[in-house]
Every structure is written in structure tokens, then in C-alpha cells.
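Source file: coords_27.txt (compact mmCIF, C-alpha atoms)
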# COMPACT_ATOMS: atom_id res chain seq x y z
CA MET A 1 -64.57 -45.20 25.64
CA ALA A 2 -61.03 -46.53 25.39
CA THR A 3 -59.67 -48.41 28.40
CA ARG A 4 -56.89 -46.59 30.22
CA ASP A 5 -53.80 -48.21 31.69
CA VAL A 6 -53.87 -49.05 35.37
CA ARG A 7 -52.11 -46.30 37.30
CA GLY A 8 -50.07 -46.40 40.47
CA PRO A 9 -50.93 -44.43 43.65
CA ASP A 10 -49.26 -41.29 42.28
CA GLY A 11 -51.22 -41.48 39.03
CA ARG A 12 -48.23 -42.69 36.95
CA GLY A 13 -48.54 -45.41 34.35
CA ALA A 14 -46.40 -48.49 33.98
CA ASP A 15 -43.80 -46.47 32.11
CA GLY A 16 -43.58 -43.92 34.93
CA ALA A 17 -45.27 -41.14 32.92
CA LEU A 18 -48.01 -38.95 34.34
CA PRO A 19 -51.23 -38.87 32.28
CA ARG A 20 -51.90 -35.71 30.24
CA ARG A 21 -54.93 -34.81 32.35
CA ARG A 22 -52.84 -34.88 35.55
CA LEU A 23 -50.15 -32.73 33.93
CA LEU A 24 -52.74 -30.18 32.86
CA ARG A 25 -54.28 -30.07 36.32
CA MET A 26 -50.84 -29.64 37.88
CA ALA A 27 -50.19 -26.67 35.64
CA GLY A 28 -52.79 -24.74 37.63
CA ALA A 29 -54.47 -21.45 36.96
CA GLY A 30 -51.16 -19.62 37.22
CA LEU A 31 -50.18 -21.01 33.81
CA GLY A 32 -53.50 -20.11 32.21
CA LEU A 33 -52.01 -18.28 29.24
CA VAL A 34 -49.59 -21.05 28.36
CA LEU A 35 -52.30 -23.65 28.81
CA ALA A 36 -54.70 -21.67 26.67
CA GLY A 37 -52.29 -21.88 23.75
CA ALA A 38 -51.95 -25.63 24.15
CA VAL A 39 -55.67 -26.17 24.31
CA THR A 40 -56.34 -23.99 21.30
CA THR A 41 -54.08 -26.06 19.10
CA ALA A 42 -55.71 -29.26 20.35
CA CYS A 43 -59.30 -28.33 19.47
CA GLY A 44 -61.24 -30.52 17.10
CA PRO A 45 -63.65 -29.56 14.30
CA GLU A 46 -65.85 -26.60 15.14
CA GLU A 47 -68.95 -28.19 13.65
CA ALA A 48 -68.65 -31.68 15.13
CA ASP A 49 -71.95 -33.46 15.80
CA ALA A 50 -73.23 -32.75 19.33
CA ALA A 51 -75.27 -35.93 19.57
CA GLY A 52 -73.10 -37.87 21.95
CA GLY A 53 -69.55 -38.15 20.63
CA ALA A 54 -67.25 -41.00 19.72
CA GLY A 55 -67.36 -43.99 22.02
CA ASN A 56 -70.64 -43.00 23.71
CA PRO A 57 -73.78 -45.13 23.57
CA LYS A 58 -76.30 -44.20 20.91
CA PRO A 59 -77.82 -40.91 22.05
CA GLY A 60 -81.38 -40.80 23.25
CA GLY A 61 -83.88 -38.02 23.89
CA SER A 62 -85.81 -36.07 21.33
CA GLY A 63 -82.99 -33.76 20.27
CA LYS A 64 -85.56 -31.04 19.64
CA GLY A 65 -85.41 -27.51 21.00
CA GLY A 66 -88.19 -25.02 21.58
CA GLY A 67 -90.39 -26.80 24.10
CA ASP A 68 -90.51 -29.32 26.92
CA ALA A 69 -91.47 -32.38 24.84
CA PHE A 70 -88.37 -34.34 25.76
CA THR A 71 -87.29 -36.84 28.37
CA THR A 72 -83.96 -37.78 29.88
CA PRO A 73 -82.87 -41.13 28.39
CA PRO A 74 -82.33 -44.24 30.53
CA ALA A 75 -79.07 -45.13 32.24
CA GLY A 76 -76.28 -45.92 29.78
CA THR A 77 -77.70 -43.67 27.07
CA ALA A 78 -76.55 -40.07 26.61
CA PRO A 79 -79.12 -37.45 25.53
CA ARG A 80 -79.00 -35.34 22.41
CA ALA A 81 -78.23 -31.64 22.59
CA LEU A 82 -81.44 -29.63 22.35
CA TRP A 83 -79.52 -26.89 20.55
CA GLN A 84 -75.94 -25.65 20.11
CA GLU A 85 -74.40 -22.34 19.12
CA LYS A 86 -70.84 -21.31 18.32
CA THR A 87 -69.16 -18.92 20.77
CA GLY A 88 -65.98 -16.91 20.81
CA VAL A 89 -64.96 -17.15 24.47
CA GLY A 90 -63.59 -20.68 24.60
CA SER A 91 -63.84 -22.55 27.89
CA LEU A 92 -60.86 -21.35 29.90
CA GLY A 93 -62.79 -18.89 32.02
CA SER A 94 -64.14 -19.25 35.56
CA ASP A 95 -66.93 -21.40 36.93
CA GLU A 96 -69.15 -18.31 36.73
CA VAL A 97 -68.60 -17.78 33.00
CA LEU A 98 -72.17 -19.08 32.56
CA ALA A 99 -75.33 -18.01 34.37
CA VAL A 100 -79.02 -18.78 34.01
CA VAL A 101 -81.68 -16.30 35.15
CA GLY A 102 -85.19 -17.52 34.50
CA ASN A 103 -85.15 -18.67 30.88
CA VAL A 104 -82.10 -16.59 29.93
CA VAL A 105 -78.59 -18.03 29.49
CA LEU A 106 -75.82 -15.48 29.98
CA LEU A 107 -72.32 -16.09 28.64
CA ALA A 108 -69.27 -13.90 29.30
CA ASP A 109 -68.35 -13.94 25.64
CA ASP A 110 -67.19 -11.05 23.48
CA PRO A 111 -69.74 -9.67 23.08
CA LEU A 112 -71.56 -10.47 26.33
CA THR A 113 -74.44 -12.60 25.08
CA ALA A 114 -77.88 -13.69 26.29
CA ARG A 115 -79.79 -16.58 24.71
CA ASP A 116 -83.15 -18.20 25.25
CA LEU A 117 -82.53 -21.39 27.23
CA ALA A 118 -85.34 -23.23 25.46
CA THR A 119 -84.38 -22.46 21.87
CA GLY A 120 -80.85 -21.01 21.84
CA ARG A 121 -82.17 -17.88 20.12
CA LYS A 122 -79.99 -14.81 20.76
CA LEU A 123 -81.88 -12.28 22.87
CA TRP A 124 -79.24 -9.55 23.03
CA SER A 125 -75.48 -8.95 22.95
CA LEU A 126 -73.28 -6.13 24.22
CA PRO A 127 -69.78 -5.70 22.70
CA GLY A 128 -67.14 -4.70 25.25
CA ALA A 129 -69.48 -5.16 28.23
CA ALA A 130 -67.46 -7.96 29.85
CA GLN A 131 -64.04 -9.48 29.54
CA PRO A 132 -64.26 -12.89 27.85
CA GLY A 133 -64.37 -15.59 30.51
CA ALA A 134 -65.16 -13.09 33.30
CA ARG A 135 -67.24 -14.06 36.30
CA LEU A 136 -70.92 -13.26 35.95
CA ILE A 137 -71.90 -12.00 39.40
CA MET A 138 -75.61 -12.04 40.17
CA GLY A 139 -77.24 -10.12 43.03
CA GLY A 140 -80.98 -10.62 43.14
CA ASP A 141 -82.13 -10.27 39.53
CA THR A 142 -79.25 -7.99 38.48
CA LEU A 143 -76.02 -8.88 36.71
CA TYR A 144 -73.05 -6.87 38.02
CA LEU A 145 -69.94 -6.20 35.93
CA ALA A 146 -66.99 -3.86 35.79
CA SER A 147 -67.86 -1.04 33.40
CA GLY A 148 -66.78 -1.79 29.85
CA GLU A 149 -65.70 1.86 29.57
CA TYR A 150 -62.85 1.30 32.10
CA ASP A 151 -63.99 4.38 34.01
CA GLY A 152 -63.69 2.84 37.48
CA ASP A 153 -67.42 2.18 37.82
CA LEU A 154 -69.53 -0.92 38.17
CA VAL A 155 -72.73 -1.41 36.21
CA GLY A 156 -75.84 -3.48 36.77
CA LEU A 157 -77.69 -5.02 33.81
CA ASP A 158 -81.17 -6.48 33.40
CA PRO A 159 -80.51 -10.07 32.22
CA ALA A 160 -83.73 -10.13 30.20
CA THR A 161 -82.92 -7.07 28.08
CA GLY A 162 -79.23 -6.25 28.57
CA LYS A 163 -80.17 -2.69 29.56
CA GLU A 164 -78.17 -0.87 32.22
CA THR A 165 -80.30 -0.48 35.35
CA TRP A 166 -77.68 0.57 37.90
CA ARG A 167 -74.29 2.27 38.06
CA SER A 168 -71.93 2.88 40.96
CA ARG A 169 -70.74 6.31 42.03
CA LEU A 170 -67.12 5.72 42.94
CA ASP A 171 -65.80 8.99 41.43
CA GLY A 172 -62.63 7.34 40.14
CA ARG A 173 -61.44 6.34 43.61
CA TYR A 174 -60.39 2.87 42.53
CA ALA A 175 -58.53 1.28 39.64
CA GLN A 176 -60.46 -1.41 37.81
CA PRO A 177 -62.89 -2.55 40.53
CA ARG A 178 -64.03 -6.13 39.87
CA PRO A 179 -67.02 -7.72 41.59
CA ILE A 180 -66.44 -10.96 43.50
CA GLY A 181 -69.91 -11.32 45.01
CA ALA A 182 -73.27 -9.62 45.47
CA ASP A 183 -76.43 -9.86 47.55
CA THR A 184 -79.61 -7.81 47.61
CA GLU A 185 -77.95 -4.89 49.43
CA ARG A 186 -74.30 -4.70 48.37
CA VAL A 187 -71.81 -5.57 45.66
CA TYR A 188 -68.40 -6.71 46.92
CA VAL A 189 -65.35 -5.79 44.88
CA ILE A 190 -61.60 -6.08 44.71
CA ALA A 191 -59.99 -2.89 43.41
CA GLY A 192 -56.61 -1.19 43.15
CA ILE A 193 -55.92 2.01 45.06
CA LEU A 194 -55.00 4.85 42.74
CA GLU A 195 -51.83 6.69 43.77
CA LYS A 196 -51.04 10.30 42.85
CA ASP A 197 -48.98 9.12 39.89
CA LEU A 198 -52.02 7.03 38.78
CA SER A 199 -50.21 3.79 39.61
CA SER A 200 -51.80 1.09 41.75
CA ARG A 201 -49.49 -0.88 44.05
CA THR A 202 -51.98 -1.94 46.74
CA ASN A 203 -55.59 -3.02 46.69
CA VAL A 204 -58.73 -3.06 48.76
CA ILE A 205 -61.79 -5.16 49.26
CA ALA A 206 -64.88 -2.97 49.39
CA ALA A 207 -68.67 -3.10 49.61
CA ILE A 208 -70.78 -0.90 47.32
CA ASP A 209 -74.27 0.00 48.53
CA ILE A 210 -76.80 -0.82 45.81
CA ARG A 211 -79.11 2.05 46.79
CA THR A 212 -76.51 4.82 46.73
CA GLY A 213 -73.83 3.35 44.46
CA LYS A 214 -71.17 4.41 46.97
CA ALA A 215 -68.70 2.40 49.05
CA VAL A 216 -70.03 1.69 52.55
CA TRP A 217 -66.72 0.22 53.67
CA SER A 218 -63.28 -0.28 52.18
CA GLU A 219 -60.53 -2.39 53.77
CA ARG A 220 -56.93 -2.23 52.58
CA ARG A 221 -55.45 -5.64 52.00
CA ASP A 222 -51.92 -6.63 53.04
CA THR A 223 -49.05 -5.38 50.90
CA GLY A 224 -48.17 -7.95 48.27
CA THR A 225 -51.63 -9.46 47.99
CA GLU A 226 -52.85 -9.84 44.43
CA GLU A 227 -56.06 -8.64 42.85
CA SER A 228 -56.56 -11.78 40.75
CA GLY A 229 -57.14 -15.37 41.70
CA LEU A 230 -59.78 -14.82 44.38
CA THR A 231 -62.56 -17.35 44.90
CA ALA A 232 -65.43 -16.05 47.04
CA ALA A 233 -68.70 -17.23 48.59
CA LEU A 234 -71.40 -15.34 50.50
CA LEU A 235 -73.71 -16.45 53.31
CA GLY A 236 -75.74 -13.89 55.23
CA GLU A 237 -73.36 -11.43 56.87
CA ARG A 238 -70.24 -13.43 56.03
CA LEU A 239 -67.96 -13.15 52.98
CA ALA A 240 -65.41 -15.95 52.60
CA TYR A 241 -62.62 -15.96 50.03
CA THR A 242 -59.29 -17.59 49.17
CA ASP A 243 -56.35 -16.06 47.32
CA HIS A 244 -53.02 -16.85 45.65
CA ARG A 245 -51.13 -16.33 48.91
CA GLU A 246 -52.71 -19.47 50.36
CA ASN A 247 -55.15 -17.71 52.68
CA LEU A 248 -58.74 -18.49 53.60
CA THR A 249 -60.32 -15.28 54.94
CA VAL A 250 -63.76 -14.41 56.31
CA ARG A 251 -65.12 -10.86 56.72
CA ASP A 252 -68.26 -9.34 58.17
CA THR A 253 -70.26 -8.00 55.21
CA THR A 254 -71.84 -5.21 57.29
CA THR A 255 -68.61 -3.62 58.52
CA GLY A 256 -65.85 -5.17 56.40
CA ARG A 257 -64.04 -6.29 59.56
CA GLN A 258 -61.85 -9.36 59.07
CA LEU A 259 -63.08 -12.05 61.45
CA TRP A 260 -60.31 -14.56 60.83
CA SER A 261 -57.82 -15.85 58.29
CA LYS A 262 -56.08 -19.22 57.97
CA LYS A 263 -53.30 -20.59 55.84
CA ILE A 264 -54.22 -23.50 53.60
CA SER A 265 -51.71 -25.93 52.19
CA ARG A 266 -51.82 -24.60 48.66
CA SER A 267 -53.07 -21.63 46.67
CA ASN A 268 -56.74 -22.43 46.16
CA PHE A 269 -57.90 -22.03 42.58
CA GLU A 270 -60.92 -24.26 43.23
CA ARG A 271 -64.36 -23.13 44.29
CA ILE A 272 -65.29 -22.89 47.95
CA ASP A 273 -68.81 -23.08 49.33
CA VAL A 274 -70.74 -21.95 52.40
CA HIS A 275 -73.71 -23.55 54.12
CA ASP A 276 -75.38 -23.47 57.53
CA GLY A 277 -72.73 -21.35 59.24
CA ALA A 278 -69.71 -23.12 57.74
CA VAL A 279 -67.27 -22.68 54.87
CA PHE A 280 -65.97 -25.71 52.96
CA VAL A 281 -62.62 -25.76 51.21
CA ALA A 282 -60.38 -28.24 49.41
CA ASP A 283 -57.05 -28.16 51.24
CA GLY A 284 -54.72 -30.49 49.38
CA ARG A 285 -55.34 -34.04 50.57
CA HIS A 286 -58.06 -32.83 52.93
CA LEU A 287 -61.58 -31.51 52.59
CA ARG A 288 -62.24 -29.18 55.54
CA SER A 289 -65.16 -27.43 57.19
CA TYR A 290 -64.62 -24.27 59.28
CA ALA A 291 -67.13 -22.28 61.32
CA LEU A 292 -67.76 -18.97 59.56
CA ASP A 293 -67.89 -16.94 62.77
CA ASP A 294 -64.62 -17.97 64.42
CA GLY A 295 -62.71 -20.29 62.05
CA ALA A 296 -62.93 -23.34 64.31
CA GLU A 297 -62.47 -26.54 62.34
CA ARG A 298 -65.64 -28.62 62.39
CA TRP A 299 -64.42 -31.67 60.51
CA ALA A 300 -61.90 -32.89 57.93
CA LEU A 301 -61.94 -35.72 55.40
CA GLU A 302 -58.83 -37.31 53.93
CA THR A 303 -58.39 -38.83 50.49
CA GLU A 304 -55.73 -41.25 49.25
CA GLU A 305 -52.03 -40.54 49.74
CA PHE A 306 -50.54 -38.40 46.94
CA ASP A 307 -54.05 -37.31 45.85
CA THR A 308 -55.98 -34.07 46.38
CA PHE A 309 -59.56 -32.91 46.63
CA ASN A 310 -61.22 -30.65 44.09
CA GLY A 311 -63.45 -27.75 45.13
CA PRO A 312 -66.69 -28.71 46.96
CA THR A 313 -70.30 -27.73 46.25
CA VAL A 314 -73.32 -27.94 48.56
CA LEU A 315 -76.63 -28.72 46.84
CA GLU A 316 -79.90 -29.36 48.69
CA GLY A 317 -78.11 -30.07 51.95
CA VAL A 318 -75.47 -32.46 50.56
CA LEU A 319 -71.81 -31.63 49.90
CA TYR A 320 -70.31 -33.04 46.69
CA ALA A 321 -66.63 -33.16 45.75
CA SER A 322 -64.33 -35.20 43.54
CA ASP A 323 -60.66 -36.00 44.01
CA SER A 324 -57.63 -36.76 41.88
CA ALA A 325 -57.93 -40.45 42.80
CA HIS A 326 -60.95 -40.43 40.44
CA ALA A 327 -63.52 -40.77 43.21
CA LEU A 328 -66.73 -38.85 43.86
CA TRP A 329 -67.90 -38.05 47.40
CA ALA A 330 -71.29 -37.17 48.87
CA VAL A 331 -70.96 -35.86 52.42
CA ASP A 332 -73.19 -34.56 55.21
CA PRO A 333 -71.99 -30.93 55.47
CA ALA A 334 -72.86 -30.76 59.19
CA THR A 335 -70.80 -33.75 60.29
CA GLY A 336 -68.48 -34.74 57.44
CA LYS A 337 -70.01 -38.22 57.44
CA ARG A 338 -69.96 -39.90 54.03
CA ARG A 339 -73.32 -40.60 52.43
CA TRP A 340 -71.67 -42.43 49.56
CA HIS A 341 -68.28 -42.69 47.92
CA ASN A 342 -67.95 -43.74 44.27
CA ALA A 343 -64.39 -44.95 43.74
CA ASP A 344 -65.19 -46.77 40.49
CA LEU A 345 -64.39 -43.89 38.14
CA LEU A 346 -60.80 -44.76 37.18
CA GLU A 347 -61.66 -44.91 33.49
CA VAL A 348 -63.64 -41.67 33.31
CA SER A 349 -62.94 -38.02 33.93
CA VAL A 350 -64.27 -36.74 37.26
CA PRO A 351 -66.56 -33.69 37.56
CA LEU A 352 -65.36 -30.38 38.95
CA GLN A 353 -68.67 -28.50 38.79
CA PHE A 354 -72.08 -29.74 39.93
CA ALA A 355 -75.81 -29.17 39.53
CA LYS A 356 -78.76 -31.17 40.83
CA VAL A 357 -82.16 -31.56 39.18
CA GLY A 358 -84.61 -33.96 40.79
CA ASP A 359 -82.85 -37.18 41.75
CA THR A 360 -79.98 -36.66 39.30
CA LEU A 361 -76.61 -35.10 40.09
CA TYR A 362 -74.96 -33.56 37.03
CA GLY A 363 -71.24 -32.91 36.72
CA ALA A 364 -69.03 -30.96 34.30
CA THR A 365 -65.60 -32.51 33.90
CA GLU A 366 -61.99 -31.40 33.85
CA PHE A 367 -59.52 -31.34 30.91
CA ASP A 368 -60.16 -34.56 28.99
CA GLU A 369 -61.17 -35.37 25.44
CA ASP A 370 -63.38 -38.13 26.90
CA GLY A 371 -65.01 -35.85 29.47
CA GLY A 372 -68.29 -34.01 29.20
CA VAL A 373 -71.50 -33.53 31.14
CA GLN A 374 -72.16 -36.52 33.37
CA ALA A 375 -75.34 -37.73 35.08
CA TYR A 376 -75.12 -39.56 38.41
CA ASP A 377 -77.80 -41.13 40.58
CA ALA A 378 -77.92 -38.69 43.50
CA GLY A 379 -78.95 -41.50 45.84
CA ASP A 380 -75.94 -43.79 45.41
CA GLY A 381 -73.48 -41.94 43.14
CA LYS A 382 -73.61 -44.40 40.24
CA LEU A 383 -72.73 -42.93 36.84
CA ARG A 384 -75.72 -43.09 34.47
CA TRP A 385 -74.33 -41.50 31.30
CA THR A 386 -71.78 -39.05 29.88
CA PHE A 387 -72.59 -36.56 27.14
CA ASN A 388 -69.62 -35.70 24.92
CA ASP A 389 -69.83 -33.47 21.85
CA GLY A 390 -67.39 -35.60 19.84
CA SER A 391 -65.04 -32.69 19.14
CA GLY A 392 -61.98 -34.37 20.66
CA SER A 393 -61.15 -31.14 22.49
CA ILE A 394 -59.54 -31.37 25.93
CA ASP A 395 -61.14 -28.11 27.07
CA PRO A 396 -62.89 -28.23 30.44
CA TRP A 397 -66.67 -28.21 30.55
CA TYR A 398 -68.79 -25.61 32.35
CA MET A 399 -72.41 -26.17 33.25
CA VAL A 400 -75.36 -24.55 35.00
CA SER A 401 -78.94 -25.73 35.46
CA GLY A 402 -82.14 -23.85 34.70
CA GLY A 403 -85.47 -25.56 35.27
CA LYS A 404 -85.67 -28.64 33.06
CA ARG A 405 -82.49 -27.88 31.13
CA LEU A 406 -78.73 -27.66 31.50
CA ALA A 407 -76.65 -25.04 29.71
CA ALA A 408 -73.12 -26.24 28.99
CA LEU A 409 -70.02 -24.63 27.51
CA HIS A 410 -67.22 -26.61 25.89
CA GLY A 411 -64.49 -25.07 23.80
CA SER A 412 -66.17 -22.68 21.40
CA ARG A 413 -69.71 -24.02 21.60
CA LEU A 414 -72.63 -23.41 23.94
CA LEU A 415 -75.35 -26.05 24.09
CA ALA A 416 -78.39 -27.15 26.07
CA LEU A 417 -79.28 -30.62 27.40
CA PRO A 418 -82.49 -31.99 28.94
CA ALA A 419 -82.48 -32.33 32.73
CA VAL A 420 -85.80 -34.02 33.53
Have the structure of the file written as C-alpha cells, please.
Amino acid sequence: MATRDVRGPDGRGADGALPRRRLLRMAGAGLGLVLAGAVTTACGPEEADAAGGAGNPKPGGSGKGGGDAFTTPPAGTAPRALWQEKTGVGSLGSDEVLAVVGNVVLLADDPLTARDLATGRKLWSLPGAAQPGARLIMGGDTLYLASGEYDGDLVGLDPATGKETWRSRLDGRYAQPRPIGADTERVYVIAGILEKDLSSRTNVIAAIDIRTGKAVWSERRDTGTEESGLTAALLGERLAYTDHRENLTVRDTTTGRQLWSKKISRSNFERIDVHDGAVFVADGRHLRSYALDDGAERWALETEEFDTFNGPTVLEGVLYASDSAHALWAVDPATGKRRWHNADLLEVSVPLQFAKVGDTLYGATEFDEDGGVQAYDAGDGKLRWTFNDGSGSIDPWYMVSGGKRLAALHGSRLLALPAV
């Protein structure tokens, strides 16, 4: 990997210029369409070798799909892809653009596609079933999506077969309801309210009962709130979400009643997470924990001046987050006490999405041609290896774990890596 120039505290180089990665991150999700055009023109060859990429150590592992006869290579050696398939979605969707259910990989492509995680073999595909890059919302063993017929309904699909197993009964009450979360009893949606002239100027958050398919509660949101840009997380009877108007809000999932709402320092496009009665959110320079029931702040961590935290994830009782100072944090979610802090990542891209398998923490990185899927020692945070597909594309990576494998999306290719 090429050595980067030493940067100042604001991320600028010796010539005063911000690095391309920082500029892309600063663009934010609000410039998604403009950014998508830039990334498309920057993509490398579609059929580049997925065995490690330029500048990586010689790949290890068996490189064979269709079985479990493989091992994760030692530190300093990236694995080979077990399989890879071309996609049409590109990787400018949400963190939930990928899902794994059992041995099935789901991708919000066009068409919506399911593949065997072990072999990459296509199991089924449904044209028009999901918007490319849409969030794949799972509730129990059912995948919930807005109806591809644009009839104001939601549908539930069996991930193994792609067959419709459930449909809501909203009778056209709402305009384009979109799921933001689900549990075993309800699907939670954001939807426009249809006016008499068929316009939709306000919206609601609602809960749809899985047994009846009907709304059990519907709460009108404040005038001017937007239907897009929500990031949500569920824990028991609490639904937490952020929005473009810089709010963090928590509702009771049984009644829909808003329990509390707080302003955060910026519109939060990052993921939030919930664990053990608390919600965790990146709030500019701070990483904060709030009690789900009353919004009381439990703790706050601070990163370097002029830098910001990325969205946190809680895995097996540990909170992980990266920051724009190119550091990775492992934190006790109950107290905010650091377990470890890896600040030695100045020359590599930091992960924005996490998964943990055994004693290895995996990360999927931000916009960077030298990024990829990274493996860290979960005990001390040391970087073991980085897998890069060699395409030269600056697209972000998305990743999800399933048993002994990782499914990863980068640009227009879906691939699997060993995770044992």
C-alpha cells in the first residue's frame, strides 16, 4: 500500500488540501446522486481479480467455494474470495443492502436476488421487488419490503424461496410506506399521508400488526419532517431513530407514544445501535449513550479536535466505532470505558461497518481505493489483514457475516470470504 503524506489535525496535507476520502465523506448522504455519478466514472475493470488486490500481501486461503475446507490465513496475509458474482446495484445503498438468513445471501439489487452463501449459486430473483440499494428489513425469518406494485402495501417474503408469505391490509391509506424496522409482532414504517387531491405533504410513523396486516398505531410526525434519511434501531418495546432534522427520537413500540427526543449536533446519516437499555449515537466529536426510557445521558466519549465519530455497533457486549482521526475504538457499552484504542491506522482506511466471528473483528471500509474488508484482533484491535479486490474503485464496502463466511459488496460485485 502506498504511503500517505502526514496530515495535520484537520486532515489537510502539507499543501493545505483535504484528502479525497475526507471530501467524499464531507459530501454526506444528501449529495448521494452527485456522488454516485463521480463514483461510477471512477470504477475500475469489472472483471478484476478478487484475490487480494494491488499492494496487498500474497493472498492465502484455499480460494475454493462449495464447502468448508478452508482456513483464514495468518496475520499479514489476505484471504482469497471463495466466489464472486457481478451485480447491478453498485455499492451506494444503505448498510442493510445485504442480509444473510441461514445460508442465503440477499441483495437489494434489480432484480432482488438471493444466492447460496457457500457457492454463490443464484437461488431466486424477483424483478421490481425492491428498489436497488433499499434496506432489507428482517423480522424473524421474514423479509419485509414495500410492495413492488406501488399499491401502498407491504409484503413479506420467504428468504429461502422468494415467495410472498404475508401482505399488509392498509387499504391505500398511506403513500409509499417504507419499513424501517421489524420484530416478531410488528413492522414499523414511515409513510406519507394521502390528501384528497392524492398529494402527500405530511408523514407518519406507524406499526403494522403481522397477524392482521393492519396498522395498530399511527403517529403524525411534525410538519416539515422528511420521509427519507431515517436510521432506526429496535430493542424490546423501544424504537429509536434519527432523521435529517438532527433529531434523536425514541418511541414506545406498543403504543407509538414518543418518549423523548433530543437534538444532535448534525444530521445523522450513520448507524445507531441499542443495547441493554441504551441507545448509542455518533454526535459529531462525541460518541454518546442515552437511556432508552428517559433520554438521560449515561456517558460520552470525545475524539480529537476537528474530528468526528462514525456510527457505532455493539457486538457480543462490546461497542465498536471508528473516527475521522483514523482510530478504532472498543468500548464497554455500560460505562463508556475504553477496552482498547487503535490510533495506528493513519495509512489505512477505517471501517464503518462491523461483524465479529470468533476472536476476529471484521470491518468494511469507507470510500477509498485502498479500502476493503479488514480483519482485526478483537482482543487488542491490531489490524491483521485487508482484503481488496484490486478494482481501484473508491466505492464503499458493505459486509455481513453468516456462519463461517462473510458476504461483501463492492461496486458491482458480490463476493464471499472465509471467516474462520
Shortest interatomic distance to Leu414 (chain A) - which of A:Gly102, A:Gly120, A:Pro74, A:Gly256, counting only C-alpha atoms: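 Distance minimum relative to Leu414 (chain A) lands on A:Gly120.
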Excluding Gln131 (chain A) and its own-chain neighbours fewer than 5 positions away, which residues fall within 12 Å of it when counting only C-alpha atoms? Please give them as number ranges by chain. A: 88-89, 93-94, 97, 107-113, 126, 136, 145-150, 178
Within-8 Å shell of (-63.6, -31.6, 38.4) in input frame, all atoms listed in the file, as number ranges by chain: A: 310-311, 322-323, 349-353, 363-366
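Neighbourhood of point (-67.2, -21.6, 52.6): residues with an atom at most 9 Å away, counting all atoms listed in the file, are Ala232, Ala233, Leu234, Leu235, Leu239, Ala240, Tyr241, Val250, Arg271, Ile272, Asp273, Val274, His275, Gly277, Ala278, Val279, Phe280, Val281, Ser289, Tyr290, Ala291 and Leu292 of chain A.
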Check the smallest atom-to-atom distance from each of A:Arg221, A:Asp183, A:Ala215, A:Glu316 to Arg238 (chain A) using all atoms listed in the file, then report the winner.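 That would be A:Asp183, the residue with the smallest distance to Arg238 (chain A).
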I'd like the contact shell of region 376-383 of chain A - 8 Å cut-off, only C-alpha atoms, skipping same-chain residues fewer than 5 positions apart - returned as number ranges by chain. A: 328, 330, 340-342, 359-363
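Among the candidates A:Glu270, A:Met138, A:Glu85, A:Arg186, the residue lying nearest to Thr119 (chain A) is A:Glu85 (atoms considered: only C-alpha atoms).
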Residues at most 10 Å from Thr255 (chain A), counting all atoms listed in the file, excluding those fewer than 6 positions away in the same chain, as an MDAnalysis selection string? chainID A and resid 206:207 216:219 237
Could you tell me how far CA of Tyr174 (chain A) sits from CA of Ile190 (chain A), in Å to one decimal place?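 Calculated distance between CA of Ile190 (chain A) and CA of Tyr174 (chain A) is 9.3 Å.
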Please produce region 132-137 of chain A, completed to all heavy atoms, as a CSV table (one decimal), in the frame of the given file.
chain,number,residue,atom,x,y,z
A,132,PRO,N,-64.0,-11.5,28.1
A,132,PRO,CA,-64.3,-12.9,27.8
A,132,PRO,C,-63.8,-13.8,29.0
A,132,PRO,O,-62.7,-13.7,29.5
A,132,PRO,CB,-63.5,-13.2,26.6
A,132,PRO,CG,-63.3,-11.8,25.9
A,132,PRO,CD,-63.2,-10.8,27.0
A,133,GLY,N,-64.7,-14.7,29.4
A,133,GLY,CA,-64.4,-15.6,30.5
A,133,GLY,C,-64.5,-15.0,31.9
A,133,GLY,O,-64.2,-15.6,32.9
A,134,ALA,N,-65.0,-13.7,32.0
A,134,ALA,CA,-65.2,-13.1,33.3
A,134,ALA,C,-66.2,-13.8,34.1
A,134,ALA,O,-67.1,-14.5,33.6
A,134,ALA,CB,-65.5,-11.6,33.1
A,135,ARG,N,-66.2,-13.5,35.4
A,135,ARG,CA,-67.2,-14.1,36.3
A,135,ARG,C,-68.5,-13.2,36.1
A,135,ARG,O,-68.5,-12.0,36.2
A,135,ARG,CB,-66.8,-14.0,37.8
A,135,ARG,CG,-65.7,-15.0,38.0
A,135,ARG,CD,-65.1,-14.9,39.4
A,135,ARG,NE,-64.2,-15.9,39.8
A,135,ARG,CZ,-63.4,-15.9,40.8
A,135,ARG,NH1,-63.5,-14.9,41.7
A,135,ARG,NH2,-62.6,-16.9,41.1
A,136,LEU,N,-69.6,-13.9,36.0
A,136,LEU,CA,-70.9,-13.3,36.0
A,136,LEU,C,-71.5,-13.3,37.4
A,136,LEU,O,-72.0,-14.3,37.8
A,136,LEU,CB,-71.8,-14.0,35.0
A,136,LEU,CG,-71.3,-14.0,33.5
A,136,LEU,CD1,-72.3,-14.8,32.6
A,136,LEU,CD2,-71.1,-12.6,33.0
A,137,ILE,N,-71.5,-12.1,38.0
A,137,ILE,CA,-71.9,-12.0,39.4
A,137,ILE,C,-73.3,-11.5,39.5
A,137,ILE,O,-73.7,-10.4,39.0
A,137,ILE,CB,-71.0,-11.0,40.2
A,137,ILE,CG1,-69.5,-11.5,40.1
A,137,ILE,CG2,-71.5,-10.9,41.6
A,137,ILE,CD1,-69.3,-12.8,40.7
